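Participant: Contents are mmCIF, C-alpha atoms; file name run.cif:
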data_data
loop_
_atom_site.label_atom_id
_atom_site.label_comp_id
_atom_site.auth_asym_id
_atom_site.auth_seq_id
_atom_site.Cartn_x
_atom_site.Cartn_y
_atom_site.Cartn_z
CA MET A 1 0.00 0.00 0.00
CA MET A 2 1.17 3.52 -0.74
CA SER A 3 1.68 5.63 2.33
CA THR A 4 -0.77 8.43 2.98
CA TYR A 5 2.09 10.90 2.69
CA SER A 6 3.01 9.54 -0.76
CA LEU A 7 -0.61 9.73 -1.93
CA VAL A 8 -1.05 13.32 -0.77
CA LEU A 9 2.32 14.44 -2.16
CA LEU A 10 1.74 12.72 -5.51
CA SER A 11 -1.75 14.25 -5.76
CA CYS A 12 -0.44 17.74 -5.01
CA ILE A 13 2.38 17.45 -7.55
CA ILE A 14 0.09 16.13 -10.28
CA PHE A 15 -2.49 18.82 -9.51
CA LEU A 16 0.07 21.62 -9.74
CA LEU A 17 1.65 20.25 -12.91
CA GLN A 18 -1.69 19.58 -14.60
CA SER A 19 -3.40 22.84 -13.73
CA SER A 20 -0.53 25.34 -13.65
CA PHE A 21 2.59 24.16 -15.46
CA LEU A 22 1.36 22.14 -18.45
CA PRO A 23 -1.00 24.83 -19.81
CA PHE A 24 2.06 27.07 -20.29
CA LEU A 25 3.97 24.38 -22.17
CA PHE A 26 1.03 23.39 -24.35
CA ASN A 27 -1.79 25.41 -25.89
CA GLY A 28 -4.17 24.59 -23.03
CA ILE A 29 -6.56 22.54 -25.16
CA MET A 30 -4.21 19.75 -26.16
CA GLN A 31 -2.01 18.73 -23.29
CA PRO A 32 -1.23 15.40 -21.66
CA ASP A 33 -3.54 14.25 -18.91
CA LEU A 34 -1.14 13.44 -16.08
CA TRP A 35 -3.99 12.37 -13.83
CA LEU A 36 -5.13 9.79 -16.35
CA THR A 37 -1.58 8.54 -16.84
CA VAL A 38 -0.95 8.22 -13.10
CA ILE A 39 -4.33 6.57 -12.55
CA ALA A 40 -3.77 4.00 -15.30
CA LEU A 41 -0.33 3.13 -13.93
CA ALA A 42 -1.43 3.17 -10.30
CA ALA A 43 -4.33 0.81 -11.03
CA VAL A 44 -1.88 -1.90 -12.03
CA ILE A 45 1.07 -1.03 -9.79
CA VAL A 46 -0.21 0.00 -6.35
CA ASP A 47 -2.89 -1.49 -4.14
CA ARG A 48 -6.58 -1.18 -4.99
CA LYS A 49 -7.42 1.32 -2.27
CA SER A 50 -4.66 3.74 -3.31
CA ALA A 51 -5.63 3.38 -6.98
CA PHE A 52 -9.27 4.25 -6.27
CA ILE A 53 -8.28 7.16 -4.03
CA LEU A 54 -6.10 8.59 -6.82
CA ALA A 55 -8.90 8.07 -9.37
CA GLY A 56 -11.48 9.78 -7.15
CA VAL A 57 -9.26 12.70 -6.19
CA GLY A 58 -7.94 13.13 -9.72
CA GLY A 59 -11.36 12.97 -11.35
CA PHE A 60 -12.90 15.34 -8.83
CA LEU A 61 -10.09 17.91 -9.15
CA GLN A 62 -10.03 17.69 -12.94
CA ASP A 63 -13.79 18.20 -13.10
CA ILE A 64 -13.63 21.21 -10.82
CA VAL A 65 -10.64 22.86 -12.49
CA THR A 66 -11.05 22.11 -16.19
CA SER A 67 -14.42 20.65 -17.00
CA ASN A 68 -17.63 22.31 -18.05
CA PHE A 69 -19.54 19.16 -17.19
CA PHE A 70 -19.10 17.52 -13.79
CA GLY A 71 -18.31 13.84 -14.17
CA LEU A 72 -16.47 14.17 -17.47
CA HIS A 73 -13.25 13.05 -15.77
CA LEU A 74 -14.46 11.41 -12.58
CA LEU A 75 -16.62 8.72 -14.17
CA PRO A 76 -14.09 7.56 -16.81
CA TYR A 77 -11.23 7.61 -14.26
CA LEU A 78 -13.20 5.37 -11.89
CA VAL A 79 -14.24 3.01 -14.70
CA ILE A 80 -10.66 2.73 -15.97
CA THR A 81 -9.42 2.03 -12.45
CA LEU A 82 -12.09 -0.62 -11.95
CA LEU A 83 -11.27 -2.32 -15.25
CA PHE A 84 -7.51 -2.23 -14.72
CA VAL A 85 -7.70 -3.42 -11.11
CA LYS A 86 -10.04 -6.24 -12.09
CA PHE A 87 -8.45 -7.43 -15.35
CA GLY A 88 -4.96 -5.98 -15.69
CA ARG A 89 -3.41 -6.36 -12.28
CA HIS A 90 -2.53 -10.06 -12.53
CA ARG A 91 -1.01 -9.72 -15.99
CA TYR A 92 1.10 -6.69 -15.21
CA ASN A 93 4.86 -6.72 -14.84
CA LYS A 94 7.49 -4.07 -14.35
CA HIS A 95 8.44 -3.57 -18.02
CA TRP A 96 8.13 -0.10 -19.51
CA TYR A 97 6.28 -1.28 -22.61
CA VAL A 98 3.49 -2.76 -20.47
CA SER A 99 3.11 0.64 -18.78
CA LEU A 100 3.00 2.27 -22.19
CA LEU A 101 0.33 -0.12 -23.47
CA SER A 102 -1.71 0.30 -20.27
CA VAL A 103 -1.74 4.08 -20.57
CA LEU A 104 -2.51 3.98 -24.29
CA LEU A 105 -5.47 1.67 -23.63
CA ALA A 106 -6.66 3.81 -20.70
CA SER A 107 -6.46 6.94 -22.87
CA VAL A 108 -8.57 5.34 -25.61
CA ILE A 109 -11.13 4.21 -23.02
CA TYR A 110 -11.17 7.74 -21.58
CA VAL A 111 -11.75 9.33 -25.00
CA ILE A 112 -14.61 6.91 -25.73
CA PHE A 113 -16.27 7.50 -22.35
CA SER A 114 -15.84 11.27 -22.46
CA SER A 115 -17.27 11.48 -25.97
CA ILE A 116 -20.30 9.47 -24.81
CA ILE A 117 -20.74 11.73 -21.77
CA MET A 118 -20.40 14.84 -23.92
CA GLY A 119 -22.94 13.42 -26.37
CA TRP A 120 -25.40 12.84 -23.52
CA ALA A 121 -24.77 16.39 -22.35
CA GLY A 122 -25.71 17.76 -25.78
CA SER A 123 -22.28 18.55 -27.20
CA ARG A 124 -22.36 19.84 -30.75
CA TYR A 125 -19.20 17.97 -31.78
CA PRO A 126 -19.60 14.48 -33.26
CA SER A 127 -17.72 11.70 -31.52
CA LEU A 128 -15.49 10.93 -34.52
CA PHE A 129 -14.31 14.54 -34.76
CA TYR A 130 -13.63 14.61 -31.03
CA PHE A 131 -11.63 11.38 -31.24
CA ILE A 132 -9.53 12.49 -34.22
CA TYR A 133 -8.87 16.07 -33.17
CA LEU A 134 -8.42 15.67 -29.40
CA GLY A 135 -8.24 11.93 -28.80
CA ILE A 136 -5.27 10.88 -30.90
CA PRO A 137 -2.93 13.62 -29.59
CA LEU A 138 -4.07 12.87 -26.02
CA VAL A 139 -3.32 9.17 -26.43
CA LEU A 140 0.15 9.89 -27.84
CA MET A 141 1.04 12.53 -25.23
CA ASN A 142 -0.14 10.30 -22.37
CA GLY A 143 1.93 7.45 -23.79
CA GLY A 144 5.01 9.68 -23.68
CA CYS A 145 4.22 10.66 -20.09
CA SER A 146 3.90 7.00 -19.12
CA LEU A 147 7.51 6.42 -20.13
CA ILE A 148 8.59 9.21 -17.79
CA LEU A 149 6.31 8.26 -14.87
CA HIS A 150 6.84 4.48 -15.05
CA ASN A 151 9.96 4.32 -12.86
CA PHE A 152 8.72 7.04 -10.52
CA LEU A 153 5.53 5.16 -9.63
CA TRP A 154 7.40 1.91 -9.13
CA MET A 155 9.63 3.72 -6.63
CA LEU A 156 6.54 4.82 -4.65
CA LYS A 157 5.18 1.30 -4.33
CA ARG A 158 5.72 -0.17 -0.90
CA GLU A 159 6.24 -3.87 -0.91
CA GLU A 160 4.40 -5.98 1.61
CA GLU A 161 6.18 -6.72 4.85
CA PRO A 162 7.32 -10.34 5.04
CA ARG A 163 5.35 -12.44 7.47
CA TRP A 164 7.37 -14.88 9.55
#
Take the structure from the file and write it as structure tokens.
Facilitator:
Amino acid sequence: MMSTYSLVLLSCIIFLLQSSFLPFLFNGIMQPDLWLTVIALAAVIVDRKSAFILAGVGGFLQDIVTSNFFGLHLLPYLVITLLFVKFGRHRYNKHWYVSLLSVLLASVIYVIFSSIIMGWAGSRYPSLFYFIYLGIPLVLMNGGCSLILHNFLWMLKREEEPRW
């Protein structure tokens, strides 16, 4: 299990990077989603409780800071965490390419879910346009971020204490 201190510190760092630093590096519309990247990696690396806490906190903060529609981030983040914890955890290993594939898959799932949510909310953009214009760059940028964050998240994982 990740320590409470590690969870809080990681959440604060991701929040500051996502909401303050990345918009200056990118145009503000197309930028990597560090929360999604961390959530996808955490769901297969750290314990279930920590993964769901990160998904809930990340989705809530993203919806408050950047979203016009509450739930646009929270719901997909929780679904991705649920799917990865349930189906991906036992197949996961410490190789970087597995982290990359996990984040790419999570990003595609996020784009699909968010386009459905936006369609339900009455968005004027068709899902295909949303996927091509915003989805493909998001998937690629998140994949690049996964390569950077892979080793960092493995360092934060606390191994279980041996039982004698």
Participant: Quick one: of A:Leu100, A:Leu72, A:Val38, A:Leu22, who's nearest to Phe152 in chain A, counting all atoms listed in the file?
Facilitator: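 Checking each candidate against Phe152 in chain A, we get A:Val38 as the closest.
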Participant: Using only C-alpha atoms, which residues sit within 12 Å of Ile112 in chain A once same-chain residues fewer than 5 positions away are excluded, as a list of chain:residue names?
Facilitator: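 The neighbour list is A:Leu72, A:His73, A:Leu75, A:Pro76, A:Tyr77, A:Val79, A:Ile80, A:Leu105, A:Ala106, A:Ser107, A:Ile117, A:Met118, A:Gly119, A:Pro126, A:Ser127, A:Leu128, A:Phe129, A:Tyr130, A:Phe131, A:Ile132, A:Leu134, A:Gly135, A:Ile136, A:Val139.
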Participant: Measuring atom to atom with only C-alpha atoms, identify which of A:Ile64, A:Leu16, A:Leu104, A:Val111 is nearest to Cys145 in chain A.
Facilitator: A:Leu104
Participant: Using only C-alpha atoms for the distances, tell me which of A:Ile53, A:Gly58, A:Thr81, A:Asn27 is nearest to Ile13 in chain A.
Facilitator: A:Gly58
Participant: So, with all atoms listed in the file as the atoms that count, which of A:Leu25, A:Met30, A:Val103, A:Leu9 lies closest to His150 in chain A?
Facilitator: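 Going through A:Leu25, A:Met30, A:Val103, A:Leu9 one by one, the smallest distance to His150 in chain A is for A:Val103.
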Participant: Between CA of Tyr133 in chain A and CA of Gly88 in chain A, what is the spacing in Å?
Facilitator: 28.4 Å
Participant: Residue by residue, what does the PyMOL selection byres ((chain A and resi 50) around 10) grab here? Present the result as a PyMOL selection string.
Facilitator: chain A and resi 1-4+6-7+39+42-43+45-49+51-56
Participant: When you count all atoms listed in the file, which of these residues is closest to Lys86 in chain A: A:Ile14, A:Val44, A:Ile29, A:Leu138?
Facilitator: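 Among the listed residues, A:Val44 lies closest to Lys86 in chain A.
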Participant: Give the answer as one residue: which of A:Phe60, A:Phe69, A:Phe87, A:Trp154 has the shortest atom-to-atom distance to Ser115 in chain A, using only C-alpha atoms?
Facilitator: A:Phe69
Participant: Please evaluate the PyMOL selection byres ((chain A and resi 18) around 10) against the structure above and give the resulting residues as a ChimeraX atom specification.
Facilitator: /A:12-17,19-23,31-35,62,65-66
Participant: Could you state the separation of CA of Leu147 in chain A and CA of Gly71 in chain A in Å, given to one decimal place?
Facilitator: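 Distance between the two atoms: 27.5 Å.
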Participant: Between CA of Asn151 in chain A and CA of Tyr5 in chain A, what is the distance, to one decimal in Å?
Facilitator: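 Distance reported for this atom pair: 18.6 Å.
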Participant: Rebuild range 50-76 of chain A so that it carries N, CA, C and O atoms, then output the result as an mmCIF file, in the frame of the given file.
Facilitator:
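rebuild34.cif, written as the output of this step:
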data_model
loop_
_atom_site.group_PDB
_atom_site.id
_atom_site.type_symbol
_atom_site.label_atom_id
_atom_site.label_comp_id
_atom_site.auth_asym_id
_atom_site.auth_seq_id
_atom_site.Cartn_x
_atom_site.Cartn_y
_atom_site.Cartn_z
ATOM 1 N N SER A 50 -5.417 2.565 -2.856
ATOM 2 C CA SER A 50 -4.660 3.740 -3.310
ATOM 3 C C SER A 50 -5.040 4.116 -4.731
ATOM 4 O O SER A 50 -5.161 5.300 -5.059
ATOM 5 N N ALA A 51 -5.252 3.115 -5.587
ATOM 6 C CA ALA A 51 -5.630 3.380 -6.980
ATOM 7 C C ALA A 51 -6.981 4.086 -7.050
ATOM 8 O O ALA A 51 -7.150 5.059 -7.789
ATOM 9 N N PHE A 52 -7.951 3.614 -6.256
ATOM 10 C CA PHE A 52 -9.270 4.250 -6.270
ATOM 11 C C PHE A 52 -9.247 5.632 -5.633
ATOM 12 O O PHE A 52 -9.985 6.530 -6.065
ATOM 13 N N ILE A 53 -8.410 5.826 -4.625
ATOM 14 C CA ILE A 53 -8.280 7.160 -4.030
ATOM 15 C C ILE A 53 -7.720 8.136 -5.065
ATOM 16 O O ILE A 53 -8.237 9.243 -5.228
ATOM 17 N N LEU A 54 -6.676 7.722 -5.785
ATOM 18 C CA LEU A 54 -6.100 8.590 -6.820
ATOM 19 C C LEU A 54 -7.117 8.877 -7.920
ATOM 20 O O LEU A 54 -7.219 10.006 -8.400
ATOM 21 N N ALA A 55 -7.896 7.871 -8.323
ATOM 22 C CA ALA A 55 -8.900 8.070 -9.370
ATOM 23 C C ALA A 55 -9.987 9.048 -8.898
ATOM 24 O O ALA A 55 -10.395 9.939 -9.654
ATOM 25 N N GLY A 56 -10.448 8.894 -7.675
ATOM 26 C CA GLY A 56 -11.480 9.780 -7.150
ATOM 27 C C GLY A 56 -10.987 11.209 -6.993
ATOM 28 O O GLY A 56 -11.655 12.157 -7.420
ATOM 29 N N VAL A 57 -9.826 11.357 -6.391
ATOM 30 C CA VAL A 57 -9.260 12.700 -6.190
ATOM 31 C C VAL A 57 -8.945 13.345 -7.535
ATOM 32 O O VAL A 57 -9.284 14.514 -7.777
ATOM 33 N N GLY A 58 -8.298 12.589 -8.415
ATOM 34 C CA GLY A 58 -7.940 13.130 -9.720
ATOM 35 C C GLY A 58 -9.151 13.526 -10.538
ATOM 36 O O GLY A 58 -9.188 14.602 -11.139
ATOM 37 N N GLY A 59 -10.155 12.658 -10.586
ATOM 38 C CA GLY A 59 -11.360 12.970 -11.350
ATOM 39 C C GLY A 59 -12.102 14.161 -10.789
ATOM 40 O O GLY A 59 -12.564 15.035 -11.531
ATOM 41 N N PHE A 60 -12.219 14.225 -9.479
ATOM 42 C CA PHE A 60 -12.900 15.340 -8.830
ATOM 43 C C PHE A 60 -12.175 16.655 -9.107
ATOM 44 O O PHE A 60 -12.798 17.654 -9.496
ATOM 45 N N LEU A 61 -10.855 16.672 -8.926
ATOM 46 C CA LEU A 61 -10.090 17.910 -9.150
ATOM 47 C C LEU A 61 -10.113 18.321 -10.619
ATOM 48 O O LEU A 61 -10.243 19.509 -10.922
ATOM 49 N N GLN A 62 -9.983 17.365 -11.524
ATOM 50 C CA GLN A 62 -10.030 17.690 -12.940
ATOM 51 C C GLN A 62 -11.391 18.264 -13.328
ATOM 52 O O GLN A 62 -11.469 19.205 -14.107
ATOM 53 N N ASP A 63 -12.459 17.690 -12.786
ATOM 54 C CA ASP A 63 -13.790 18.200 -13.100
ATOM 55 C C ASP A 63 -13.997 19.607 -12.556
ATOM 56 O O ASP A 63 -14.629 20.436 -13.207
ATOM 57 N N ILE A 64 -13.475 19.886 -11.400
ATOM 58 C CA ILE A 64 -13.630 21.210 -10.820
ATOM 59 C C ILE A 64 -12.789 22.244 -11.567
ATOM 60 O O ILE A 64 -13.250 23.335 -11.870
ATOM 61 N N VAL A 65 -11.555 21.892 -11.893
ATOM 62 C CA VAL A 65 -10.640 22.860 -12.490
ATOM 63 C C VAL A 65 -10.870 23.053 -13.982
ATOM 64 O O VAL A 65 -10.874 24.181 -14.461
ATOM 65 N N THR A 66 -11.073 21.975 -14.727
ATOM 66 C CA THR A 66 -11.050 22.110 -16.190
ATOM 67 C C THR A 66 -12.332 21.780 -16.906
ATOM 68 O O THR A 66 -12.449 22.067 -18.090
ATOM 69 N N SER A 67 -13.274 21.176 -16.275
ATOM 70 C CA SER A 67 -14.420 20.650 -17.000
ATOM 71 C C SER A 67 -15.619 21.579 -16.944
ATOM 72 O O SER A 67 -15.883 22.229 -15.941
ATOM 73 N N ASN A 68 -16.358 21.597 -18.031
ATOM 74 C CA ASN A 68 -17.630 22.310 -18.050
ATOM 75 C C ASN A 68 -18.758 21.417 -17.563
ATOM 76 O O ASN A 68 -19.827 21.896 -17.252
ATOM 77 N N PHE A 69 -18.526 20.134 -17.543
ATOM 78 C CA PHE A 69 -19.540 19.160 -17.190
ATOM 79 C C PHE A 69 -19.001 18.266 -16.089
ATOM 80 O O PHE A 69 -18.025 17.543 -16.295
ATOM 81 N N PHE A 70 -19.589 18.314 -14.906
ATOM 82 C CA PHE A 70 -19.100 17.520 -13.790
ATOM 83 C C PHE A 70 -19.309 16.035 -14.067
ATOM 84 O O PHE A 70 -20.395 15.622 -14.433
ATOM 85 N N GLY A 71 -18.270 15.268 -13.901
ATOM 86 C CA GLY A 71 -18.310 13.840 -14.170
ATOM 87 C C GLY A 71 -17.577 13.452 -15.429
ATOM 88 O O GLY A 71 -17.358 12.279 -15.694
ATOM 89 N N LEU A 72 -17.170 14.440 -16.224
ATOM 90 C CA LEU A 72 -16.470 14.170 -17.470
ATOM 91 C C LEU A 72 -15.141 13.456 -17.238
ATOM 92 O O LEU A 72 -14.705 12.659 -18.055
ATOM 93 N N HIS A 73 -14.501 13.736 -16.116
ATOM 94 C CA HIS A 73 -13.250 13.050 -15.770
ATOM 95 C C HIS A 73 -13.470 12.000 -14.696
ATOM 96 O O HIS A 73 -12.893 10.913 -14.761
ATOM 97 N N LEU A 74 -14.270 12.305 -13.719
ATOM 98 C CA LEU A 74 -14.460 11.410 -12.580
ATOM 99 C C LEU A 74 -14.986 10.034 -12.994
ATOM 100 O O LEU A 74 -14.420 9.010 -12.605
ATOM 101 N N LEU A 75 -16.035 9.996 -13.767
ATOM 102 C CA LEU A 75 -16.620 8.720 -14.170
ATOM 103 C C LEU A 75 -15.650 7.865 -14.994
ATOM 104 O O LEU A 75 -15.424 6.693 -14.656
ATOM 105 N N PRO A 76 -15.034 8.397 -16.061
ATOM 106 C CA PRO A 76 -14.090 7.560 -16.810
ATOM 107 C C PRO A 76 -12.883 7.118 -15.967
ATOM 108 O O PRO A 76 -12.416 5.983 -16.106
#
